[in-house]
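Asks: My structure is in model-v6.cif, and what it holds is mmCIF, C-alpha atoms:
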```
data_run
loop_
_atom_site.label_atom_id
_atom_site.label_comp_id
_atom_site.auth_asym_id
_atom_site.auth_seq_id
_atom_site.Cartn_x
_atom_site.Cartn_y
_atom_site.Cartn_z
CA MET A 1 -1.40 -17.73 3.22
CA ALA A 2 -1.97 -15.10 0.52
CA LEU A 3 0.83 -12.53 0.17
CA GLU A 4 3.12 -14.46 2.54
CA GLN A 5 6.13 -14.27 0.22
CA GLU A 6 5.57 -10.60 -0.52
CA LEU A 7 5.21 -9.73 3.18
CA GLU A 8 8.44 -11.55 4.00
CA HIS A 9 10.22 -9.70 1.22
CA PHE A 10 8.86 -6.36 2.39
CA ALA A 11 10.18 -7.06 5.89
CA SER A 12 13.59 -7.99 4.52
CA ILE A 13 13.99 -4.73 2.53
CA LYS A 14 12.07 -2.40 4.86
CA ALA A 15 15.18 -0.63 6.16
CA ASP A 16 16.26 0.28 2.63
CA LEU A 17 12.76 1.33 1.67
CA LEU A 18 12.55 3.62 4.70
CA LYS A 19 15.79 5.32 3.68
CA ASN A 20 14.66 6.04 0.13
CA HIS A 21 10.85 5.93 -0.03
CA ALA A 22 9.44 6.71 3.42
CA GLY A 23 5.74 7.67 3.30
CA LYS A 24 5.14 6.09 -0.09
CA PHE A 25 3.45 2.80 -1.01
CA ALA A 26 5.58 -0.16 -2.07
CA LEU A 27 4.42 -2.50 -4.83
CA ILE A 28 5.90 -5.99 -4.46
CA LYS A 29 5.28 -9.17 -6.43
CA GLY A 30 6.90 -12.33 -5.10
CA THR A 31 10.43 -11.29 -4.15
CA GLU A 32 10.54 -8.38 -6.59
CA PHE A 33 10.16 -4.76 -5.50
CA ILE A 34 8.44 -3.10 -8.45
CA GLY A 35 8.45 0.49 -7.21
CA ALA A 36 7.24 3.10 -4.74
CA PHE A 37 4.14 5.19 -5.42
CA ASP A 38 2.65 8.33 -3.93
CA ASN A 39 -0.72 6.72 -3.23
CA PRO A 40 -2.22 3.20 -3.15
CA GLN A 41 -4.42 3.85 -6.20
CA ASN A 42 -1.40 4.47 -8.44
CA ALA A 43 0.35 1.42 -7.04
CA TYR A 44 -2.73 -0.69 -7.71
CA GLN A 45 -3.04 0.60 -11.28
CA GLU A 46 0.57 -0.40 -11.96
CA GLY A 47 0.06 -3.77 -10.27
CA VAL A 48 -2.98 -4.56 -12.42
CA ASN A 49 -1.19 -3.37 -15.57
CA ARG A 50 1.65 -5.79 -14.86
CA PHE A 51 -0.03 -8.73 -13.15
CA GLY A 52 -3.74 -8.54 -14.00
CA ARG A 53 -5.86 -10.53 -11.54
CA GLU A 54 -2.88 -12.11 -9.75
CA SER A 55 -2.13 -11.10 -6.18
CA PHE A 56 0.52 -8.52 -5.30
CA LEU A 57 1.37 -6.49 -2.20
CA ILE A 58 0.81 -2.77 -1.71
CA LYS A 59 2.16 -1.62 1.64
CA ARG A 60 2.76 1.77 3.20
CA ILE A 61 6.43 2.38 3.87
CA SER A 62 6.55 3.63 7.43
CA GLU A 63 8.50 2.96 10.59
CA GLN A 64 5.39 1.94 12.50
CA GLU A 65 2.93 -0.28 10.71
CA GLU A 66 -0.59 1.05 10.19
CA VAL A 67 -3.07 -0.60 12.59
CA TYR A 68 -6.83 -0.96 12.10
CA ARG A 69 -8.59 -0.10 15.35
CA ASN A 70 -12.26 -0.77 15.92
CA LEU A 71 -13.81 -0.71 19.33
CA GLY A 72 -17.45 -1.49 18.62
CA LEU A 73 -17.14 -4.29 16.10
CA SER A 74 -15.23 -6.66 18.34
CA LEU A 75 -17.47 -6.00 21.30
CA GLY A 76 -20.66 -6.65 19.35
CA LEU A 77 -21.96 -3.24 20.38
CA MET A 78 -23.45 -2.61 16.97
CA ASN A 79 -26.05 -5.33 17.51
CA ALA A 80 -26.72 -4.39 21.11
CA ARG A 81 -30.34 -4.44 22.27
CA LEU A 82 -30.98 -2.64 25.55
CA MET B 1 -21.09 22.82 0.54
CA PRO B 2 -24.03 20.45 -0.10
CA VAL B 3 -25.96 19.21 2.92
CA PHE B 4 -27.78 15.85 3.00
CA ASP B 5 -30.34 14.77 5.61
CA PHE B 6 -31.09 11.07 6.22
CA PHE B 7 -34.31 10.57 8.17
CA HIS B 8 -34.22 7.33 10.20
CA TRP B 9 -37.88 6.59 10.85
CA ASN B 10 -40.58 4.28 9.52
CA GLN B 11 -44.21 3.57 10.30
CA GLN B 12 -43.65 0.14 11.88
CA GLN B 13 -40.70 0.84 14.17
CA GLY B 14 -40.79 4.62 14.51
CA ASP B 15 -37.29 5.89 15.32
CA THR B 16 -34.68 3.55 13.79
CA LEU B 17 -31.64 5.73 14.37
CA THR B 18 -31.19 4.50 17.94
CA ASP B 19 -31.48 0.82 17.11
CA SER B 20 -29.86 0.56 13.68
CA GLY B 21 -27.38 3.41 13.95
CA PRO B 22 -26.63 6.11 11.37
CA LEU B 23 -26.91 4.46 7.93
CA ILE B 24 -26.41 5.61 4.36
CA GLN B 25 -26.82 3.68 1.12
CA VAL B 26 -23.68 2.39 -0.52
CA VAL B 27 -22.73 0.46 -3.65
CA VAL B 28 -19.47 -1.51 -3.70
CA SER B 29 -17.87 -2.36 -7.05
CA MET B 30 -14.73 -3.83 -8.52
CA PRO B 31 -11.89 -1.23 -8.64
CA ALA B 32 -11.76 0.72 -11.90
CA ALA B 33 -8.26 -0.52 -12.82
CA LEU B 34 -9.31 -4.14 -12.45
CA GLU B 35 -12.57 -3.55 -14.28
CA GLU B 36 -10.68 -2.04 -17.20
CA PHE B 37 -8.31 -5.01 -17.27
CA CYS B 38 -11.18 -7.53 -17.18
CA THR B 39 -13.03 -5.68 -19.94
CA LYS B 40 -9.95 -5.78 -22.17
CA LYS B 41 -9.50 -9.48 -21.53
CA GLY B 42 -13.18 -10.28 -22.01
CA TYR B 43 -13.62 -11.48 -18.43
CA GLN B 44 -17.00 -11.17 -16.77
CA ILE B 45 -17.43 -8.06 -14.60
CA PRO B 46 -19.31 -8.84 -11.36
CA ALA B 47 -22.36 -6.66 -10.79
CA PRO B 48 -21.95 -3.88 -8.20
CA ILE B 49 -23.35 -4.84 -4.79
CA PRO B 50 -25.71 -2.43 -2.98
CA GLY B 51 -26.33 -2.23 0.74
CA TYR B 52 -25.94 0.13 3.66
CA ALA B 53 -22.92 1.64 5.39
CA LEU B 54 -23.02 2.15 9.14
CA ILE B 55 -21.19 5.29 10.17
CA ASP B 56 -18.68 4.09 12.75
CA THR B 57 -16.73 6.76 14.55
CA GLY B 58 -15.01 4.00 16.54
CA ALA B 59 -13.27 2.59 13.47
CA SER B 60 -10.01 4.09 12.29
CA ALA B 61 -10.63 2.94 8.71
CA THR B 62 -13.47 1.82 6.48
CA ALA B 63 -14.28 -1.88 6.41
CA VAL B 64 -16.30 -3.85 3.85
CA ASP B 65 -17.79 -7.31 4.24
CA GLU B 66 -15.10 -9.69 3.00
CA ASP B 67 -17.56 -12.05 1.28
CA ILE B 68 -18.69 -9.16 -0.91
CA LEU B 69 -15.14 -8.29 -1.89
CA GLN B 70 -14.59 -11.91 -2.86
CA GLN B 71 -17.85 -11.94 -4.85
CA LEU B 72 -16.41 -8.98 -6.76
CA SER B 73 -13.30 -11.07 -7.60
CA VAL B 74 -11.03 -8.65 -5.77
CA VAL B 75 -7.92 -10.20 -4.20
CA PRO B 76 -6.21 -8.76 -1.09
CA ILE B 77 -3.31 -6.34 -1.46
CA ASP B 78 -2.08 -6.24 2.14
CA LEU B 79 -2.40 -7.75 5.59
CA MET B 80 -2.90 -5.25 8.38
CA PRO B 81 -2.67 -5.65 12.15
CA THR B 82 -5.93 -5.08 13.99
CA ALA B 83 -6.30 -3.89 17.56
CA THR B 84 -9.51 -4.36 19.47
CA PRO B 85 -10.42 -4.65 23.15
CA SER B 86 -10.93 -8.40 22.67
CA GLY B 87 -7.42 -8.88 21.34
CA ASP B 88 -5.09 -8.32 18.45
CA GLY B 89 -5.27 -9.94 15.03
CA LYS B 90 -4.71 -9.37 11.35
CA SER B 91 -7.08 -8.58 8.49
CA PHE B 92 -6.64 -8.48 4.75
CA VAL B 93 -6.81 -5.13 2.97
CA TYR B 94 -8.53 -4.74 -0.43
CA PRO B 95 -9.03 -2.04 -3.03
CA ALA B 96 -12.61 -1.14 -3.94
CA LYS B 97 -14.77 1.34 -5.79
CA ILE B 98 -17.47 2.94 -3.65
CA THR B 99 -20.56 4.93 -4.56
CA PHE B 100 -22.82 6.74 -2.09
CA PRO B 101 -26.00 7.39 -4.10
CA GLY B 102 -27.60 9.52 -1.37
CA LEU B 103 -24.60 11.83 -1.26
CA ASN B 104 -24.12 12.20 -5.02
CA LEU B 105 -20.65 10.70 -4.58
CA THR B 106 -19.90 8.20 -7.32
CA ASP B 107 -17.01 5.87 -8.11
CA LEU B 108 -14.72 6.78 -5.22
CA ALA B 109 -11.44 4.92 -5.63
CA MET B 110 -10.74 3.44 -2.22
CA GLY B 111 -7.14 2.31 -2.27
CA ARG B 112 -7.49 0.42 0.98
CA VAL B 113 -10.50 -0.99 2.81
CA ILE B 114 -10.41 -3.63 5.53
CA GLY B 115 -12.02 -6.98 4.74
CA SER B 116 -14.17 -8.05 7.67
CA LYS B 117 -17.03 -10.42 8.50
CA LEU B 118 -19.59 -7.79 9.29
CA LYS B 119 -22.77 -8.30 7.25
CA TRP B 120 -26.01 -8.15 9.20
CA GLN B 121 -29.60 -6.91 8.89
CA THR B 122 -31.15 -4.10 10.88
CA ILE B 123 -34.63 -4.32 12.40
CA ASP B 124 -36.03 -2.62 9.30
CA ASN B 125 -34.30 -5.17 7.03
CA LYS B 126 -31.47 -3.03 5.76
CA GLU B 127 -28.37 -5.07 5.02
CA ILE B 128 -25.21 -3.50 6.39
CA ILE B 129 -22.17 -4.29 4.26
CA MET B 130 -19.78 -1.52 5.25
CA LEU B 131 -18.50 0.31 8.31
CA LEU B 132 -17.71 3.86 7.27
CA GLY B 133 -14.67 4.78 9.37
CA ARG B 134 -12.69 7.85 10.20
CA ASP B 135 -10.55 7.66 7.05
CA LEU B 136 -13.65 8.82 5.12
CA LEU B 137 -15.33 10.76 7.92
CA ARG B 138 -12.41 13.18 7.92
CA TYR B 139 -13.94 14.71 4.79
CA PHE B 140 -17.42 15.17 6.31
CA LEU B 141 -19.29 17.38 8.69
CA MET B 142 -21.76 15.13 10.54
CA ILE B 143 -24.70 15.87 12.82
CA TYR B 144 -26.26 12.99 14.75
CA ASN B 145 -29.69 14.32 15.68
CA GLY B 146 -31.06 11.81 18.20
CA PRO B 147 -34.30 13.66 19.10
CA GLY B 148 -35.04 14.24 15.40
CA SER B 149 -33.96 10.72 14.34
CA THR B 150 -31.93 12.28 11.57
CA LEU B 151 -28.36 12.06 10.32
CA THR B 152 -26.98 15.08 8.48
CA LEU B 153 -23.85 14.90 6.36
CA SER B 154 -22.03 17.59 4.44
CA TYR B 155 -18.74 17.68 2.57
#
```
Now that the file is in, can you turn its structure into structure tokens?
Replies:
Amino acid sequence: MALEQELEHFASIKADLLKNHAGKFALIKGTEFIGAFDNPQNAYQEGVNRFGRESFLIKRISEQEEVYRNLGLSLGLMNARL
Amino acid sequence: MPVFDFFHWNQQQGDTLTDSGPLIQVVVSMPAALEEFCTKKGYQIPAPIPGYALIDTGASATAVDEDILQQLSVVPIDLMPTATPSGDGKSFVYPAKITFPGLNLTDLAMGRVIGSKLKWQTIDNKEIIMLLGRDLLRYFLMIYNGPGSTLTLSY
């Protein structure tokens, strides 16, 4: 799966990241933590500068992971015909 | 504070706001940082992809059709948990550059959009490629005028 190694590495260093960079965005390539950035755009710019079109992880450093919630999409309500 | 009205009506179907939902035109492009890199390297830049965004107050974040993101040669930057009434899952997160021509908003750098299988056509043949969620709606004042079949947005 894409980003599997990076996600595992993020999980393994999350406690340290929370101590030092809470609220920022971590840039990780493979098992290397590149840095923490104030916003995802800056992290992406640095990732592209270093790795071009290769994949890399940008993840918010927070105690509780961000969750995407969508009620209508999963229920098919957007295509409903009454 | 500019105000934009989007009239949802045509001669064949009449009111389309009820059936299709509140729509605005959108153009999705490769992120600027990646475009700059590809230009320097002499790689081909995929053409921006136009379509429509459905305003979705039920979505916590903006989602873009994943096939389109892949057509733009954008690779995922994160994997995010998803929570829906039909169950939990995970979706890839991508960066993208978004333009809303009808709002005079160009080249918005979206650090994170959700990749999702969501492309479909409305009854008046508009192709929906994006769900505009609350991460963007937080910047807008919106009026859904059902009787007038009109969407009004201001920012």
Asks: Between atom CA of A:Ile28 and atom CA of A:Phe51, what is the spacing in Å?
Replies: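 According to the coordinates, atom CA of A:Phe51 and atom CA of A:Ile28 are separated by 10.9 Å.
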Asks: Of the residues B:Val74, B:Ile98, B:Ala47, B:Leu103, which is the one nearest to chain A, using all atoms listed in the file?
Replies: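 Selected residue with least distance to chain A: B:Val74.
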Asks: Taking the file as shown, what set of residues would the PyMOL selection byres ((chain B) within 7 of (chain A)) give back, as a list of chain:residue names?
Replies: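 When the PyMOL selection byres ((chain B) within 7 of (chain A)) is applied, the selected residues are B:Ala33, B:Leu34, B:Phe37, B:Gly58, B:Ala59, B:Ser60, B:Ala61, B:Val75, B:Pro76, B:Ile77, B:Asp78, B:Met80, B:Pro81, B:Thr82, B:Ala83, B:Thr84, B:Pro85, B:Ser86, B:Gly111.
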Asks: So which residues touch B:Met1 within 10 Å, counting only C-alpha atoms, skipping near sequence neighbours fewer than 6 positions away, as a compact mmCIF listing (two decimals) with C-alpha atoms, in the frame of the given file?
Replies:
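Final output, selection12.txt:
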```
# COMPACT_ATOMS: atom_id res chain seq x y z
CA LEU B 141 -19.29 17.38 8.69
CA SER B 154 -22.03 17.59 4.44
CA TYR B 155 -18.74 17.68 2.57
```
Asks: Could you check how far atom CA of B:Val113 sits from atom CA of B:Ala96, in Å to one decimal?
Replies: 7.1 Å
Asks: Compile the contact shell of A:Leu18 as a PyMOL selection string: residues with an atom at most 8 Å away, counting all atoms listed in the file, same-chain residues fewer than 6 positions apart removed.
Replies: chain A and resi 61-63
Asks: Generate the output file for the selected residues, C-alpha atoms, as a CSV table (one decimal), in the coordinates of the input.
Replies:
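Result went into result.csv, see below:
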```
chain,number,residue,atom,x,y,z
A,61,ILE,CA,6.4,2.4,3.9
A,62,SER,CA,6.6,3.6,7.4
A,63,GLU,CA,8.5,3.0,10.6
```
Asks: Evaluate the PyMOL selection byres ((chain B and resi 55) around 8) on the structure here and hand back the selected residues as a ChimeraX atom specification.
Replies: /B:21-24,53-54,56-57,131-133
Asks: Can I get the selection written as a PDB file, keeping the file's coordinate frame, with C-alpha atoms?
Replies:
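The resulting file, again.pdb, is shown below:
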```pdb
ATOM      1  CA  GLY B  21     -27.380   3.410  13.950  1.00  0.00           C
ATOM      2  CA  PRO B  22     -26.630   6.110  11.370  1.00  0.00           C
ATOM      3  CA  LEU B  23     -26.910   4.460   7.930  1.00  0.00           C
ATOM      4  CA  ILE B  24     -26.410   5.610   4.360  1.00  0.00           C
ATOM      5  CA  ALA B  53     -22.920   1.640   5.390  1.00  0.00           C
ATOM      6  CA  LEU B  54     -23.020   2.150   9.140  1.00  0.00           C
ATOM      7  CA  ASP B  56     -18.680   4.090  12.750  1.00  0.00           C
ATOM      8  CA  THR B  57     -16.730   6.760  14.550  1.00  0.00           C
ATOM      9  CA  LEU B 131     -18.500   0.310   8.310  1.00  0.00           C
ATOM     10  CA  LEU B 132     -17.710   3.860   7.270  1.00  0.00           C
ATOM     11  CA  GLY B 133     -14.670   4.780   9.370  1.00  0.00           C
TER      12      GLY B 133
END
```
Asks: Evaluate the PyMOL selection byres ((chain B and resi 45) around 8) and record the selected residues as a compact mmCIF listing (two decimals) with C-alpha atoms, keeping the file's coordinate frame, following the chain and residue labels used in the document.
Replies:
```
# COMPACT_ATOMS: atom_id res chain seq x y z
CA MET B 30 -14.73 -3.83 -8.52
CA GLU B 35 -12.57 -3.55 -14.28
CA CYS B 38 -11.18 -7.53 -17.18
CA THR B 39 -13.03 -5.68 -19.94
CA TYR B 43 -13.62 -11.48 -18.43
CA GLN B 44 -17.00 -11.17 -16.77
CA PRO B 46 -19.31 -8.84 -11.36
CA ALA B 47 -22.36 -6.66 -10.79
CA LEU B 72 -16.41 -8.98 -6.76
```
Asks: Counting all atoms listed in the file, I want the residues whose atoms come within 10 Å of (-25.7, 9.2, -3.8) in the file frame, returned as a PyMOL selection string.
Replies: chain B and resi 4+24-27+99-106
Asks: Return the single residue from A:Ala15, A:Arg50, A:Ile34, A:Asn20 that is closest to A:Gln64, with distances computed using only C-alpha atoms.
Replies: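 The answer is A:Ala15, which sits nearest to A:Gln64.
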Asks: Write out as a PyMOL selection string which residues come within 12 Å of B:Gln12 when counting all atoms listed in the file, dropping same-chain ones fewer than 6 positions away.
Replies: chain B and resi 123-125
Asks: What gap, in Å, lies between atom CA of B:Ala109 and atom CA of B:Asn145?
Replies: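 Computing the Euclidean distance for atom CA of B:Ala109 and atom CA of B:Asn145 yields 29.6 Å.
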Asks: Emit a file covering stretch 50-62 of chain B of the preceding structure with all heavy atoms, as a JSON list (two decimals), in the first residue's frame.
Replies:
```json
[["chain", "number", "residue", "atom", "x", "y", "z"],
["B", 50, "PRO", "N", -11.94, 20.56, -15.85],
["B", 50, "PRO", "CA", -13.10, 21.32, -15.40],
["B", 50, "PRO", "C", -14.28, 20.41, -15.05],
["B", 50, "PRO", "O", -14.37, 19.27, -15.52],
["B", 50, "PRO", "CB", -13.43, 22.17, -16.63],
["B", 50, "PRO", "CG", -13.02, 21.31, -17.79],
["B", 50, "PRO", "CD", -11.86, 20.45, -17.32],
["B", 51, "GLY", "N", -15.15, 20.91, -14.24],
["B", 51, "GLY", "CA", -16.37, 20.19, -13.87],
["B", 51, "GLY", "C", -17.17, 21.04, -12.91],
["B", 51, "GLY", "O", -17.07, 22.26, -12.92],
["B", 52, "TYR", "N", -17.96, 20.36, -12.09],
["B", 52, "TYR", "CA", -18.79, 21.08, -11.12],
["B", 52, "TYR", "C", -18.53, 20.57, -9.70],
["B", 52, "TYR", "O", -18.24, 19.39, -9.50],
["B", 52, "TYR", "CB", -20.27, 20.93, -11.46],
["B", 52, "TYR", "CG", -20.69, 21.82, -12.60],
["B", 52, "TYR", "CD1", -20.47, 21.43, -13.92],
["B", 52, "TYR", "CD2", -21.25, 23.07, -12.37],
["B", 52, "TYR", "CE1", -20.82, 22.25, -14.98],
["B", 52, "TYR", "CE2", -21.60, 23.90, -13.42],
["B", 52, "TYR", "CZ", -21.38, 23.49, -14.72],
["B", 52, "TYR", "OH", -21.71, 24.32, -15.75],
["B", 53, "ALA", "N", -18.62, 21.48, -8.75],
["B", 53, "ALA", "CA", -18.52, 21.12, -7.34],
["B", 53, "ALA", "C", -19.91, 21.20, -6.73],
["B", 53, "ALA", "O", -20.63, 22.19, -6.92],
["B", 53, "ALA", "CB", -17.58, 22.08, -6.61],
["B", 54, "LEU", "N", -20.29, 20.14, -6.02],
["B", 54, "LEU", "CA", -21.54, 20.14, -5.28],
["B", 54, "LEU", "C", -21.26, 20.64, -3.86],
["B", 54, "LEU", "O", -20.37, 20.10, -3.18],
["B", 54, "LEU", "CB", -22.11, 18.73, -5.21],
["B", 54, "LEU", "CG", -23.36, 18.56, -4.33],
["B", 54, "LEU", "CD1", -24.56, 19.25, -4.95],
["B", 54, "LEU", "CD2", -23.66, 17.08, -4.12],
["B", 55, "ILE", "N", -21.96, 21.66, -3.45],
["B", 55, "ILE", "CA", -21.77, 22.17, -2.09],
["B", 55, "ILE", "C", -22.40, 21.19, -1.11],
["B", 55, "ILE", "O", -23.59, 20.86, -1.21],
["B", 55, "ILE", "CB", -22.35, 23.58, -1.96],
["B", 55, "ILE", "CG1", -21.51, 24.51, -2.83],
["B", 55, "ILE", "CG2", -22.36, 24.03, -0.50],
["B", 55, "ILE", "CD1", -21.92, 25.93, -2.85],
["B", 56, "ASP", "N", -21.58, 20.68, -0.20],
["B", 56, "ASP", "CA", -21.97, 19.55, 0.65],
["B", 56, "ASP", "C", -21.74, 19.91, 2.11],
["B", 56, "ASP", "O", -20.65, 19.70, 2.65],
["B", 56, "ASP", "CB", -21.16, 18.31, 0.25],
["B", 56, "ASP", "CG", -21.54, 17.09, 1.05],
["B", 56, "ASP", "OD1", -22.50, 17.18, 1.85],
["B", 56, "ASP", "OD2", -20.89, 16.05, 0.89],
["B", 57, "THR", "N", -22.77, 20.44, 2.73],
["B", 57, "THR", "CA", -22.62, 20.83, 4.14],
["B", 57, "THR", "C", -22.49, 19.62, 5.05],
["B", 57, "THR", "O", -22.13, 19.76, 6.22],
["B", 57, "THR", "CB", -23.82, 21.69, 4.60],
["B", 57, "THR", "OG1", -25.01, 20.93, 4.42],
["B", 57, "THR", "CG2", -23.92, 22.98, 3.80],
["B", 58, "GLY", "N", -22.74, 18.43, 4.53],
["B", 58, "GLY", "CA", -22.58, 17.22, 5.34],
["B", 58, "GLY", "C", -21.18, 16.68, 5.36],
["B", 58, "GLY", "O", -20.90, 15.71, 6.07],
["B", 59, "ALA", "N", -20.28, 17.29, 4.59],
["B", 59, "ALA", "CA", -18.90, 16.78, 4.50],
["B", 59, "ALA", "C", -17.97, 17.68, 5.31],
["B", 59, "ALA", "O", -17.98, 18.90, 5.15],
["B", 59, "ALA", "CB", -18.44, 16.74, 3.05],
["B", 60, "SER", "N", -17.16, 17.08, 6.14],
["B", 60, "SER", "CA", -16.25, 17.88, 6.97],
["B", 60, "SER", "C", -15.12, 18.49, 6.15],
["B", 60, "SER", "O", -14.54, 19.49, 6.55],
["B", 60, "SER", "CB", -15.67, 17.03, 8.10],
["B", 60, "SER", "OG", -14.94, 15.95, 7.58],
["B", 61, "ALA", "N", -14.80, 17.87, 5.03],
["B", 61, "ALA", "CA", -13.69, 18.37, 4.20],
["B", 61, "ALA", "C", -14.06, 18.24, 2.73],
["B", 61, "ALA", "O", -15.01, 17.53, 2.37],
["B", 61, "ALA", "CB", -12.41, 17.58, 4.50],
["B", 62, "THR", "N", -13.29, 18.89, 1.89],
["B", 62, "THR", "CA", -13.53, 18.84, 0.44],
["B", 62, "THR", "C", -12.97, 17.56, -0.15],
["B", 62, "THR", "O", -11.87, 17.14, 0.20],
["B", 62, "THR", "CB", -12.90, 20.08, -0.21],
["B", 62, "THR", "OG1", -13.62, 21.24, 0.26],
["B", 62, "THR", "CG2", -12.97, 20.02, -1.72]]
```
